[in-house]
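Raw contents of final.cif, mmCIF, C-alpha atoms, pLDDT in the B column; chains and numbers go by the auth columns:
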data_query
loop_
_atom_site.group_PDB
_atom_site.id
_atom_site.type_symbol
_atom_site.label_atom_id
_atom_site.label_comp_id
_atom_site.label_asym_id
_atom_site.label_seq_id
_atom_site.Cartn_x
_atom_site.Cartn_y
_atom_site.Cartn_z
_atom_site.B_iso_or_equiv
_atom_site.auth_seq_id
_atom_site.auth_asym_id
ATOM 1 C CA MET A 1 -75.077 71.856 -18.684 78.00 593 A
ATOM 2 C CA SER A 2 -71.801 70.719 -20.247 87.00 594 A
ATOM 3 C CA GLU A 3 -69.296 68.272 -18.781 92.00 595 A
ATOM 4 C CA GLU A 4 -65.557 67.821 -19.163 96.00 596 A
ATOM 5 C CA ARG A 5 -63.400 65.163 -17.557 97.00 597 A
ATOM 6 C CA TYR A 6 -59.878 65.707 -16.253 96.00 598 A
ATOM 7 C CA GLY A 7 -58.215 62.337 -15.982 96.00 599 A
ATOM 8 C CA GLU A 8 -60.212 59.519 -14.439 96.00 600 A
ATOM 9 C CA PHE A 9 -61.229 61.144 -11.167 97.00 601 A
ATOM 10 C CA VAL A 10 -62.263 64.777 -11.760 98.00 602 A
ATOM 11 C CA LEU A 11 -65.382 65.951 -13.576 98.00 603 A
ATOM 12 C CA VAL A 12 -66.116 69.604 -14.363 98.00 604 A
ATOM 13 C CA ARG A 13 -69.724 70.559 -15.013 98.00 605 A
ATOM 14 C CA ARG A 14 -70.721 74.013 -16.274 97.00 606 A
ATOM 15 C CA HIS A 15 -73.816 75.721 -14.886 97.00 607 A
ATOM 16 C CA GLY A 16 -73.725 79.000 -16.759 97.00 608 A
ATOM 17 C CA HIS A 17 -70.929 81.042 -15.200 97.00 609 A
ATOM 18 C CA VAL A 18 -70.573 78.577 -12.296 98.00 610 A
ATOM 19 C CA ALA A 19 -68.131 75.688 -12.705 98.00 611 A
ATOM 20 C CA GLU A 20 -68.657 72.590 -10.594 98.00 612 A
ATOM 21 C CA LEU A 21 -65.462 70.667 -9.897 98.00 613 A
ATOM 22 C CA ALA A 22 -66.663 67.218 -8.860 98.00 614 A
ATOM 23 C CA LEU A 23 -64.355 64.791 -7.087 98.00 615 A
ATOM 24 C CA ASP A 24 -65.218 61.516 -8.783 98.00 616 A
ATOM 25 C CA ARG A 25 -63.334 58.569 -7.323 97.00 617 A
ATOM 26 C CA PRO A 26 -66.249 56.824 -5.601 95.00 618 A
ATOM 27 C CA LYS A 27 -64.584 53.429 -5.169 95.00 619 A
ATOM 28 C CA ALA A 28 -62.027 55.035 -2.827 96.00 620 A
ATOM 29 C CA MET A 29 -64.333 57.654 -1.216 97.00 621 A
ATOM 30 C CA ASN A 30 -62.370 60.257 -3.172 97.00 622 A
ATOM 31 C CA ALA A 31 -59.059 59.453 -1.471 96.00 623 A
ATOM 32 C CA VAL A 32 -56.476 61.715 -3.108 96.00 624 A
ATOM 33 C CA SER A 33 -54.091 59.566 -5.124 96.00 625 A
ATOM 34 C CA THR A 34 -51.231 60.945 -7.195 96.00 626 A
ATOM 35 C CA ALA A 35 -53.354 60.751 -10.342 96.00 627 A
ATOM 36 C CA MET A 36 -56.315 62.456 -8.693 97.00 628 A
ATOM 37 C CA ALA A 37 -54.129 65.237 -7.270 97.00 629 A
ATOM 38 C CA ARG A 38 -52.684 65.887 -10.710 97.00 630 A
ATOM 39 C CA SER A 39 -56.173 66.057 -12.216 98.00 631 A
ATOM 40 C CA VAL A 40 -57.440 68.494 -9.569 98.00 632 A
ATOM 41 C CA ALA A 41 -54.472 70.791 -10.251 98.00 633 A
ATOM 42 C CA THR A 42 -54.975 70.594 -14.022 98.00 634 A
ATOM 43 C CA ALA A 43 -58.688 71.323 -13.750 98.00 635 A
ATOM 44 C CA CYS A 44 -58.060 74.302 -11.459 98.00 636 A
ATOM 45 C CA ALA A 45 -55.454 75.731 -13.826 98.00 637 A
ATOM 46 C CA ALA A 46 -57.933 75.553 -16.700 98.00 638 A
ATOM 47 C CA LEU A 47 -60.762 77.086 -14.676 98.00 639 A
ATOM 48 C CA GLY A 48 -58.545 79.879 -13.401 97.00 640 A
ATOM 49 C CA GLU A 49 -57.710 80.928 -16.953 97.00 641 A
ATOM 50 C CA ASP A 50 -61.324 80.765 -18.164 96.00 642 A
ATOM 51 C CA ARG A 51 -62.730 84.294 -18.047 95.00 643 A
ATOM 52 C CA ASP A 52 -66.239 82.895 -18.431 96.00 644 A
ATOM 53 C CA VAL A 53 -66.015 81.293 -14.969 98.00 645 A
ATOM 54 C CA ARG A 54 -67.152 83.557 -12.131 98.00 646 A
ATOM 55 C CA ALA A 55 -67.417 81.006 -9.300 98.00 647 A
ATOM 56 C CA VAL A 56 -66.298 77.423 -8.645 98.00 648 A
ATOM 57 C CA VAL A 57 -68.146 74.888 -6.491 98.00 649 A
ATOM 58 C CA VAL A 58 -66.196 71.820 -5.314 98.00 650 A
ATOM 59 C CA THR A 59 -68.463 68.786 -4.880 98.00 651 A
ATOM 60 C CA SER A 60 -68.310 65.002 -4.521 98.00 652 A
ATOM 61 C CA THR A 61 -70.034 62.254 -6.471 97.00 653 A
ATOM 62 C CA HIS A 62 -69.797 59.865 -3.495 97.00 654 A
ATOM 63 C CA GLU A 63 -72.936 59.579 -1.383 95.00 655 A
ATOM 64 C CA ARG A 64 -71.171 59.194 1.976 96.00 656 A
ATOM 65 C CA ALA A 65 -68.018 61.260 1.620 98.00 657 A
ATOM 66 C CA PHE A 66 -66.684 64.525 0.301 98.00 658 A
ATOM 67 C CA CYS A 67 -63.095 63.250 0.475 98.00 659 A
ATOM 68 C CA VAL A 68 -61.338 61.038 3.038 97.00 660 A
ATOM 69 C CA GLY A 69 -57.910 62.582 2.478 95.00 661 A
ATOM 70 C CA ALA A 70 -54.679 61.166 1.119 92.00 662 A
ATOM 71 C CA ASP A 71 -54.687 57.719 -0.443 91.00 663 A
ATOM 72 C CA LEU A 72 -52.888 55.845 2.345 89.00 664 A
ATOM 73 C CA LYS A 73 -53.138 52.548 0.475 90.00 665 A
ATOM 74 C CA GLU A 74 -51.105 54.051 -2.336 90.00 666 A
ATOM 75 C CA ARG A 75 -48.665 55.638 0.080 90.00 667 A
ATOM 76 C CA ASN A 76 -48.162 52.347 1.912 90.00 668 A
ATOM 77 C CA SER A 77 -46.275 51.104 -1.137 91.00 669 A
ATOM 78 C CA PHE A 78 -44.114 54.234 -1.445 92.00 670 A
ATOM 79 C CA THR A 79 -40.397 54.365 -0.843 93.00 671 A
ATOM 80 C CA ASP A 80 -39.026 57.547 0.702 94.00 672 A
ATOM 81 C CA ALA A 81 -38.001 58.632 -2.788 95.00 673 A
ATOM 82 C CA ASP A 82 -41.543 58.038 -4.059 92.00 674 A
ATOM 83 C CA LEU A 83 -42.941 60.214 -1.305 92.00 675 A
ATOM 84 C CA VAL A 84 -40.499 63.009 -2.112 93.00 676 A
ATOM 85 C CA ARG A 85 -41.483 62.867 -5.786 95.00 677 A
ATOM 86 C CA GLN A 86 -45.191 62.878 -4.980 93.00 678 A
ATOM 87 C CA ARG A 87 -45.079 65.850 -2.628 94.00 679 A
ATOM 88 C CA PRO A 88 -45.181 68.649 -5.245 95.00 680 A
ATOM 89 C CA VAL A 89 -47.955 66.815 -7.101 96.00 681 A
ATOM 90 C CA ALA A 90 -50.028 66.545 -3.917 95.00 682 A
ATOM 91 C CA ARG A 91 -49.402 70.180 -3.035 96.00 683 A
ATOM 92 C CA GLY A 92 -50.490 71.180 -6.514 97.00 684 A
ATOM 93 C CA ALA A 93 -54.034 69.969 -5.848 97.00 685 A
ATOM 94 C CA TYR A 94 -54.471 72.054 -2.706 98.00 686 A
ATOM 95 C CA THR A 95 -52.769 75.175 -4.038 98.00 687 A
ATOM 96 C CA GLY A 96 -54.739 74.767 -7.254 98.00 688 A
ATOM 97 C CA VAL A 97 -57.998 75.192 -5.352 98.00 689 A
ATOM 98 C CA LEU A 98 -56.558 77.806 -2.990 98.00 690 A
ATOM 99 C CA GLU A 99 -55.231 79.999 -5.795 98.00 691 A
ATOM 100 C CA LEU A 100 -58.329 79.996 -7.972 98.00 692 A
ATOM 101 C CA PRO A 101 -58.884 83.691 -8.758 98.00 693 A
ATOM 102 C CA VAL A 102 -62.680 83.475 -8.451 98.00 694 A
ATOM 103 C CA PRO A 103 -64.847 82.795 -5.379 98.00 695 A
ATOM 104 C CA THR A 104 -64.931 79.119 -4.405 98.00 696 A
ATOM 105 C CA ILE A 105 -67.445 77.105 -2.374 98.00 697 A
ATOM 106 C CA ALA A 106 -67.072 73.570 -1.015 98.00 698 A
ATOM 107 C CA ALA A 107 -70.192 71.402 -0.792 98.00 699 A
ATOM 108 C CA VAL A 108 -69.492 68.900 1.991 98.00 700 A
ATOM 109 C CA HIS A 109 -71.428 65.841 3.055 98.00 701 A
ATOM 110 C CA GLY A 110 -70.220 62.787 4.927 98.00 702 A
ATOM 111 C CA PHE A 111 -66.518 62.508 5.629 98.00 703 A
ATOM 112 C CA ALA A 112 -64.172 65.411 4.892 98.00 704 A
ATOM 113 C CA LEU A 113 -61.031 64.319 6.678 98.00 705 A
ATOM 114 C CA GLY A 114 -57.356 65.208 6.417 97.00 706 A
ATOM 115 C CA GLY A 115 -56.623 66.299 2.874 97.00 707 A
ATOM 116 C CA GLY A 116 -60.334 66.177 2.148 98.00 708 A
ATOM 117 C CA PHE A 117 -61.034 68.837 4.748 98.00 709 A
ATOM 118 C CA GLU A 118 -58.016 70.772 3.506 98.00 710 A
ATOM 119 C CA LEU A 119 -59.558 70.912 0.024 98.00 711 A
ATOM 120 C CA ALA A 120 -62.661 72.413 1.645 98.00 712 A
ATOM 121 C CA LEU A 121 -60.571 74.807 3.747 98.00 713 A
ATOM 122 C CA SER A 122 -58.893 75.975 0.541 98.00 714 A
ATOM 123 C CA CYS A 123 -62.268 77.316 -0.599 98.00 715 A
ATOM 124 C CA ASP A 124 -63.674 80.701 0.411 98.00 716 A
ATOM 125 C CA LEU A 125 -66.890 79.231 1.825 98.00 717 A
ATOM 126 C CA ILE A 126 -67.911 75.793 3.084 98.00 718 A
ATOM 127 C CA VAL A 127 -71.509 74.555 2.855 98.00 719 A
ATOM 128 C CA ALA A 128 -72.131 71.326 4.764 98.00 720 A
ATOM 129 C CA ASP A 129 -75.129 69.092 5.259 98.00 721 A
ATOM 130 C CA SER A 130 -76.135 67.396 8.501 98.00 722 A
ATOM 131 C CA THR A 131 -74.138 64.236 7.711 98.00 723 A
ATOM 132 C CA ALA A 132 -70.807 66.068 7.506 98.00 724 A
ATOM 133 C CA VAL A 133 -67.890 64.913 9.652 98.00 725 A
ATOM 134 C CA VAL A 134 -64.725 66.998 9.388 98.00 726 A
ATOM 135 C CA GLY A 135 -61.285 66.874 10.930 98.00 727 A
ATOM 136 C CA LEU A 136 -57.529 66.866 10.497 98.00 728 A
ATOM 137 C CA PRO A 137 -56.385 63.481 11.910 97.00 729 A
ATOM 138 C CA GLU A 138 -52.879 63.454 10.414 97.00 730 A
ATOM 139 C CA VAL A 139 -50.948 63.277 13.688 97.00 731 A
ATOM 140 C CA SER A 140 -52.735 59.982 14.416 96.00 732 A
ATOM 141 C CA VAL A 141 -50.864 58.405 11.479 93.00 733 A
ATOM 142 C CA GLY A 142 -47.518 60.041 12.145 95.00 734 A
ATOM 143 C CA VAL A 143 -47.602 63.094 9.880 95.00 735 A
ATOM 144 C CA ILE A 144 -49.083 66.594 10.004 97.00 736 A
ATOM 145 C CA PRO A 145 -51.662 68.347 7.848 97.00 737 A
ATOM 146 C CA GLY A 146 -49.749 69.015 4.641 96.00 738 A
ATOM 147 C CA GLY A 147 -52.387 70.502 2.357 97.00 739 A
ATOM 148 C CA GLY A 148 -52.544 73.848 4.121 97.00 740 A
ATOM 149 C CA GLY A 149 -54.370 72.749 7.260 98.00 741 A
ATOM 150 C CA THR A 150 -51.938 74.147 9.826 98.00 742 A
ATOM 151 C CA GLN A 151 -52.207 77.558 8.148 97.00 743 A
ATOM 152 C CA LEU A 152 -55.804 77.690 6.930 98.00 744 A
ATOM 153 C CA LEU A 153 -57.517 76.326 10.035 98.00 745 A
ATOM 154 C CA PRO A 154 -56.149 78.930 12.497 97.00 746 A
ATOM 155 C CA ARG A 155 -57.072 81.670 10.033 96.00 747 A
ATOM 156 C CA ARG A 156 -60.627 80.348 10.153 97.00 748 A
ATOM 157 C CA VAL A 157 -61.112 79.495 13.844 97.00 749 A
ATOM 158 C CA GLY A 158 -58.135 80.977 15.730 97.00 750 A
ATOM 159 C CA ALA A 159 -54.832 79.511 16.891 97.00 751 A
ATOM 160 C CA ALA A 160 -55.976 77.785 20.090 98.00 752 A
ATOM 161 C CA ARG A 161 -59.007 76.095 18.536 98.00 753 A
ATOM 162 C CA ALA A 162 -56.934 74.948 15.573 98.00 754 A
ATOM 163 C CA ALA A 163 -54.279 73.557 17.914 98.00 755 A
ATOM 164 C CA GLU A 164 -56.870 71.572 19.864 98.00 756 A
ATOM 165 C CA LEU A 165 -58.361 70.087 16.708 98.00 757 A
ATOM 166 C CA ILE A 166 -55.022 69.231 15.092 98.00 758 A
ATOM 167 C CA PHE A 167 -53.339 67.891 18.243 98.00 759 A
ATOM 168 C CA THR A 168 -56.280 65.683 19.270 98.00 760 A
ATOM 169 C CA ALA A 169 -56.952 64.523 15.680 98.00 761 A
ATOM 170 C CA ARG A 170 -60.633 64.376 16.593 98.00 762 A
ATOM 171 C CA ARG A 171 -63.516 64.250 14.158 98.00 763 A
ATOM 172 C CA VAL A 172 -66.166 66.942 14.418 98.00 764 A
ATOM 173 C CA GLU A 173 -69.770 66.341 13.418 98.00 765 A
ATOM 174 C CA ALA A 174 -71.864 68.833 11.487 98.00 766 A
ATOM 175 C CA ALA A 175 -73.624 70.760 14.272 98.00 767 A
ATOM 176 C CA GLU A 176 -70.436 71.343 16.259 98.00 768 A
ATOM 177 C CA ALA A 177 -68.527 72.117 13.073 98.00 769 A
ATOM 178 C CA ARG A 178 -70.972 74.946 12.340 98.00 770 A
ATOM 179 C CA GLU A 179 -70.798 76.168 15.930 98.00 771 A
ATOM 180 C CA LEU A 180 -66.989 76.289 15.828 98.00 772 A
ATOM 181 C CA GLY A 181 -66.874 77.950 12.413 98.00 773 A
ATOM 182 C CA LEU A 182 -65.319 74.951 10.669 98.00 774 A
ATOM 183 C CA VAL A 183 -68.118 75.251 8.124 98.00 775 A
ATOM 184 C CA ASP A 184 -70.095 78.356 7.203 98.00 776 A
ATOM 185 C CA VAL A 185 -73.561 77.131 6.218 98.00 777 A
ATOM 186 C CA LEU A 186 -75.342 74.051 7.543 98.00 778 A
ATOM 187 C CA VAL A 187 -78.216 72.568 5.554 98.00 779 A
ATOM 188 C CA GLU A 188 -80.414 69.480 5.721 98.00 780 A
ATOM 189 C CA GLU A 189 -79.094 66.113 4.593 98.00 781 A
ATOM 190 C CA GLY A 190 -78.515 65.966 0.849 98.00 782 A
ATOM 191 C CA GLN A 191 -78.887 69.706 0.288 98.00 783 A
ATOM 192 C CA ASP A 192 -75.210 70.740 0.346 98.00 784 A
ATOM 193 C CA ARG A 193 -74.612 70.643 -3.416 98.00 785 A
ATOM 194 C CA GLU A 194 -77.861 72.417 -4.250 98.00 786 A
ATOM 195 C CA GLU A 195 -77.183 75.160 -1.694 98.00 787 A
ATOM 196 C CA ALA A 196 -73.574 75.619 -2.809 98.00 788 A
ATOM 197 C CA LEU A 197 -74.565 75.857 -6.472 98.00 789 A
ATOM 198 C CA ALA A 198 -77.311 78.359 -5.598 98.00 790 A
ATOM 199 C CA THR A 199 -74.782 80.458 -3.688 98.00 791 A
ATOM 200 C CA GLY A 200 -72.416 80.196 -6.631 98.00 792 A
ATOM 201 C CA ALA A 201 -75.164 81.445 -8.963 98.00 793 A
ATOM 202 C CA ARG A 202 -75.843 84.438 -6.698 98.00 794 A
ATOM 203 C CA ILE A 203 -72.130 85.242 -6.725 98.00 795 A
ATOM 204 C CA ALA A 204 -71.839 84.771 -10.493 98.00 796 A
ATOM 205 C CA ALA A 205 -74.567 87.358 -11.127 97.00 797 A
ATOM 206 C CA ASN A 206 -72.059 90.023 -10.080 97.00 798 A
ATOM 207 C CA SER A 207 -69.208 91.651 -11.971 97.00 799 A
ATOM 208 C CA PRO A 208 -66.490 89.136 -12.919 97.00 800 A
ATOM 209 C CA VAL A 209 -63.893 91.893 -12.745 97.00 801 A
ATOM 210 C CA GLY A 210 -65.166 92.956 -9.337 98.00 802 A
ATOM 211 C CA LEU A 211 -65.274 89.401 -8.002 98.00 803 A
ATOM 212 C CA ARG A 212 -61.666 88.632 -8.952 97.00 804 A
ATOM 213 C CA ALA A 213 -60.425 91.931 -7.534 98.00 805 A
ATOM 214 C CA ALA A 214 -62.399 91.520 -4.299 98.00 806 A
ATOM 215 C CA LYS A 215 -61.010 88.011 -3.789 98.00 807 A
ATOM 216 C CA LYS A 216 -57.474 89.226 -4.447 97.00 808 A
ATOM 217 C CA ALA A 217 -57.884 92.031 -1.904 98.00 809 A
ATOM 218 C CA LEU A 218 -59.331 89.666 0.700 97.00 810 A
ATOM 219 C CA ARG A 219 -56.531 87.130 0.255 95.00 811 A
ATOM 220 C CA LEU A 220 -53.587 89.547 0.003 96.00 812 A
ATOM 221 C CA GLY A 221 -54.808 91.764 2.821 96.00 813 A
ATOM 222 C CA HIS A 222 -55.431 89.004 5.350 94.00 814 A
ATOM 223 C CA GLY A 223 -52.943 89.121 8.187 91.00 815 A
ATOM 224 C CA LEU A 224 -51.538 92.530 7.292 96.00 816 A
ATOM 225 C CA ASP A 225 -51.814 95.464 9.631 97.00 817 A
ATOM 226 C CA LEU A 226 -54.715 97.788 8.819 97.00 818 A
ATOM 227 C CA ARG A 227 -52.669 100.449 7.052 98.00 819 A
ATOM 228 C CA ALA A 228 -51.025 97.892 4.745 98.00 820 A
ATOM 229 C CA GLY A 229 -54.328 96.133 4.182 98.00 821 A
ATOM 230 C CA LEU A 230 -55.973 99.361 3.083 98.00 822 A
ATOM 231 C CA GLU A 231 -53.190 99.862 0.551 98.00 823 A
ATOM 232 C CA VAL A 232 -53.928 96.393 -0.841 98.00 824 A
ATOM 233 C CA GLU A 233 -57.588 97.335 -1.068 98.00 825 A
ATOM 234 C CA ASP A 234 -56.794 100.628 -2.796 98.00 826 A
ATOM 235 C CA ALA A 235 -54.671 98.861 -5.414 97.00 827 A
ATOM 236 C CA ALA A 236 -57.500 96.403 -6.057 97.00 828 A
ATOM 237 C CA TRP A 237 -60.001 99.267 -6.305 97.00 829 A
ATOM 238 C CA ARG A 238 -57.834 101.060 -8.841 96.00 830 A
ATOM 239 C CA SER A 239 -57.673 97.881 -10.920 95.00 831 A
ATOM 240 C CA VAL A 240 -61.475 97.917 -11.379 96.00 832 A
ATOM 241 C CA ALA A 241 -62.394 101.600 -11.131 95.00 833 A
ATOM 242 C CA PHE A 242 -61.837 102.268 -14.839 95.00 834 A
ATOM 243 C CA SER A 243 -63.061 98.901 -16.133 96.00 835 A
ATOM 244 C CA GLY A 244 -65.884 98.203 -18.529 96.00 836 A
ATOM 245 C CA ASP A 245 -67.665 96.360 -15.733 97.00 837 A
ATOM 246 C CA ARG A 246 -67.633 99.454 -13.552 96.00 838 A
ATOM 247 C CA ALA A 247 -69.076 101.583 -16.350 96.00 839 A
ATOM 248 C CA GLU A 248 -71.751 98.992 -17.092 95.00 840 A
ATOM 249 C CA GLY A 249 -72.619 98.537 -13.418 96.00 841 A
ATOM 250 C CA VAL A 250 -73.200 102.247 -12.881 95.00 842 A
ATOM 251 C CA ALA A 251 -75.166 102.569 -16.130 97.00 843 A
ATOM 252 C CA ALA A 252 -77.360 99.576 -15.335 96.00 844 A
ATOM 253 C CA PHE A 253 -78.079 100.906 -11.848 96.00 845 A
ATOM 254 C CA ASN A 254 -79.162 104.290 -13.189 97.00 846 A
ATOM 255 C CA GLU A 255 -81.189 102.753 -16.002 97.00 847 A
ATOM 256 C CA LYS A 256 -82.831 100.313 -13.574 97.00 848 A
ATOM 257 C CA ARG A 257 -81.932 97.211 -15.588 96.00 849 A
ATOM 258 C CA PRO A 258 -79.851 94.085 -15.031 95.00 850 A
ATOM 259 C CA PRO A 259 -76.190 94.619 -15.940 96.00 851 A
ATOM 260 C CA GLU A 260 -74.641 92.894 -18.940 96.00 852 A
ATOM 261 C CA TRP A 261 -71.077 92.527 -17.757 96.00 853 A
ATOM 262 C CA PRO A 262 -68.369 92.865 -20.410 95.00 854 A
ATOM 263 C CA GLY A 263 -65.977 91.114 -18.022 93.00 855 A
ATOM 264 C CA GLU A 264 -63.143 93.538 -18.586 92.00 856 A
#

Produce structure tokens that represent the structure in this file.
Amino acid sequence: MSEERYGEFVLVRRHGHVAELALDRPKAMNAVSTAMARSVATACAALGEDRDVRAVVVTSTHERAFCVGADLKERNSFTDADLVRQRPVARGAYTGVLELPVPTIAAVHGFALGGGFELALSCDLIVADSTAVVGLPEVSVGVIPGGGGTQLLPRRVGAARAAELIFTARRVEAAEARELGLVDVLVEEGQDREEALATGARIAANSPVGLRAAKKALRLGHGLDLRAGLEVEDAAWRSVAFSGDRAEGVAAFNEKRPPEWPGE
């Protein structure tokens, strides 16, 4: 397993074709400062361009929190001009995760609140352990979810449920979060990272060309009417149908052997 650090607060570990993006600001429970946001965006840009990466798992090095959201201590010192300047940097962290071209999994334990939950929502799947507490409490401090929450949450749980959660600013514990669909997989305490990495490994065993195309079709087709969505799917199919991965996948199936993906 290799490691690479992006700035002070982001650590990327390689597990074969699975990249683990670890939020590593334990003294602040991974509160997203300007520097941390910049590092998340930089790490995501590098991972997105790395053709050896087939899945990304977002984890936390803090024992009691995934991420508690924006660094309000930092923001308390901001002028209005500072806040304006920080906005594109903050957005870059969330869009960096959201726009990763490979499947992404969040491993959540403890608090995942505000921007922390939005980082998880930016992933394709969320694995949580029994200690997880999630929520979007931004209206309780005079703002709104600004890392994609008002758009990603209703896509996950429906408009009315998202409205209730955002308007009340309430925190949701693990069992209810699973029941409501705020997280996808619920595991025993301390097992979130292990489960997410195992899921990432199962994903990474598949065609890298196929995975990227399938994610693109899922993302671009969401919200379109069926006819338009099927056109998106057809375009994605055509992009892989004549690939080396497709040829290898068919050959491996017929020869009853594991595929050796060329990744092109």

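Distance-wise, atom CA of Glu595 of chain A and atom CA of Val725 of chain A end up 28.7 Å apart.
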
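Contact shell of Arg597 of chain A at 10 Å (only C-alpha atoms; same-chain neighbours under 6 positions omitted): A:Leu603, A:Val604, A:Arg605, A:Leu613, A:Ala614, A:Asp616, A:Ser631, A:Ala635.
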
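Minimum distance to Thr723 of chain A across A:Val681, A:Ala827, A:Ile795, A:Val779 (counting only C-alpha atoms) occurs at A:Val779.
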
Check your understanding: From the list A:Gly640, A:Pro851, A:Pro680, A:Gly782, which residue is nearest Val700 of chain A when using all atoms listed in the file?
Key -> A:Gly782

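Between atom CA of Val764 of chain A and atom CA of Ser714 of chain A the interatomic distance comes to 18.1 Å.
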
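Distance annotation: of A:Ile718, A:Ala699, A:Ala751, A:Leu690, the residue with the minimal separation from Lys807 of chain A is A:Leu690; atom set is only C-alpha atoms.
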
Exercise for review: To verify the selection step, state as a list of chain:residue names which residues the PyMOL selection byres ((chain A and resi 766) around 6) yields on this input.
Suggested key: A:Ser722, A:Ala724, A:Val725, A:Glu765, A:Ala767, A:Glu768, A:Ala769

Point to revise | Neighbour list for Glu823 of chain A as JSON, numbers by chain, cut-off 9 Å, all atoms listed in the file, skip fewer than 5 positions in-chain | key: {"A": [813, 818, 828]}

Please write out, as AutoDock Vina command-line options, where the centre of an axis-aligned box around all listed atoms of segment 635-647 of chain A lies and how long its edges are, in Å to one decimal, after adding 8 Å on each side.
--center_x -61.4 --center_y 77.8 --center_z -13.9 --size_x 28.0 --size_y 29.0 --size_z 25.1

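Proximity to Ala704 of chain A was assessed for A:Val775, A:Leu692, A:Asp642, A:Ala752 counting only C-alpha atoms; the smallest distance is recorded for A:Val775.
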
If we draw a sphere of 8 Å around (-71.2, 77.4, -12.9), which residues have at least one atom in it when counting all atoms listed in the file? Please report them as a PDB file with C-alpha atoms, in the coordinates of the input.
ATOM      1  CA  ARG A 605     -69.724  70.559 -15.013  1.00 98.00           C
ATOM      2  CA  ARG A 606     -70.721  74.013 -16.274  1.00 97.00           C
ATOM      3  CA  HIS A 607     -73.816  75.721 -14.886  1.00 97.00           C
ATOM      4  CA  GLY A 608     -73.725  79.000 -16.759  1.00 97.00           C
ATOM      5  CA  HIS A 609     -70.929  81.042 -15.200  1.00 97.00           C
ATOM      6  CA  VAL A 610     -70.573  78.577 -12.296  1.00 98.00           C
ATOM      7  CA  ALA A 611     -68.131  75.688 -12.705  1.00 98.00           C
ATOM      8  CA  GLU A 612     -68.657  72.590 -10.594  1.00 98.00           C
ATOM      9  CA  VAL A 645     -66.015  81.293 -14.969  1.00 98.00           C
ATOM     10  CA  ARG A 646     -67.152  83.557 -12.131  1.00 98.00           C
ATOM     11  CA  ALA A 647     -67.417  81.006  -9.300  1.00 98.00           C
ATOM     12  CA  VAL A 648     -66.298  77.423  -8.645  1.00 98.00           C
ATOM     13  CA  VAL A 649     -68.146  74.888  -6.491  1.00 98.00           C
ATOM     14  CA  LEU A 789     -74.565  75.857  -6.472  1.00 98.00           C
ATOM     15  CA  GLY A 792     -72.416  80.196  -6.631  1.00 98.00           C
ATOM     16  CA  ALA A 793     -75.164  81.445  -8.963  1.00 98.00           C
ATOM     17  CA  ALA A 796     -71.839  84.771 -10.493  1.00 98.00           C
TER      18      ALA A 796
END

**Study point:** Residue nearest Ala809 of chain A among A:Cys636, A:Leu772, A:Val694, A:Leu615 (counting only C-alpha atoms)
**Key:** A:Val694

Practice item. Output the residue selection produced by the PyMOL selection byres ((chain A and resi 661-667) around 12) on the file above, formatted as a PyMOL selection string. Key: chain A and resi 615+617+619-629+657-660+668-679+682-683+685-686+703-712+726-730+733-739+741

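Of the listed residues (A:His701, A:Leu717, A:Pro693, A:Glu771), A:Pro693 comes nearest to Pro800 of chain A; the distances count only C-alpha atoms.
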
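Across the model, the gap from atom CA of Gly740 of chain A to atom CA of Gly684 of chain A is 11.2 Å.
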
Check your understanding: Excluding same-chain residues fewer than 6 positions from Ala839 of chain A, what lies within 12 Å of it counting all atoms listed in the file, as a PyMOL selection string?
Key -> chain A and resi 799+801-802+832-833+845-846+851-856
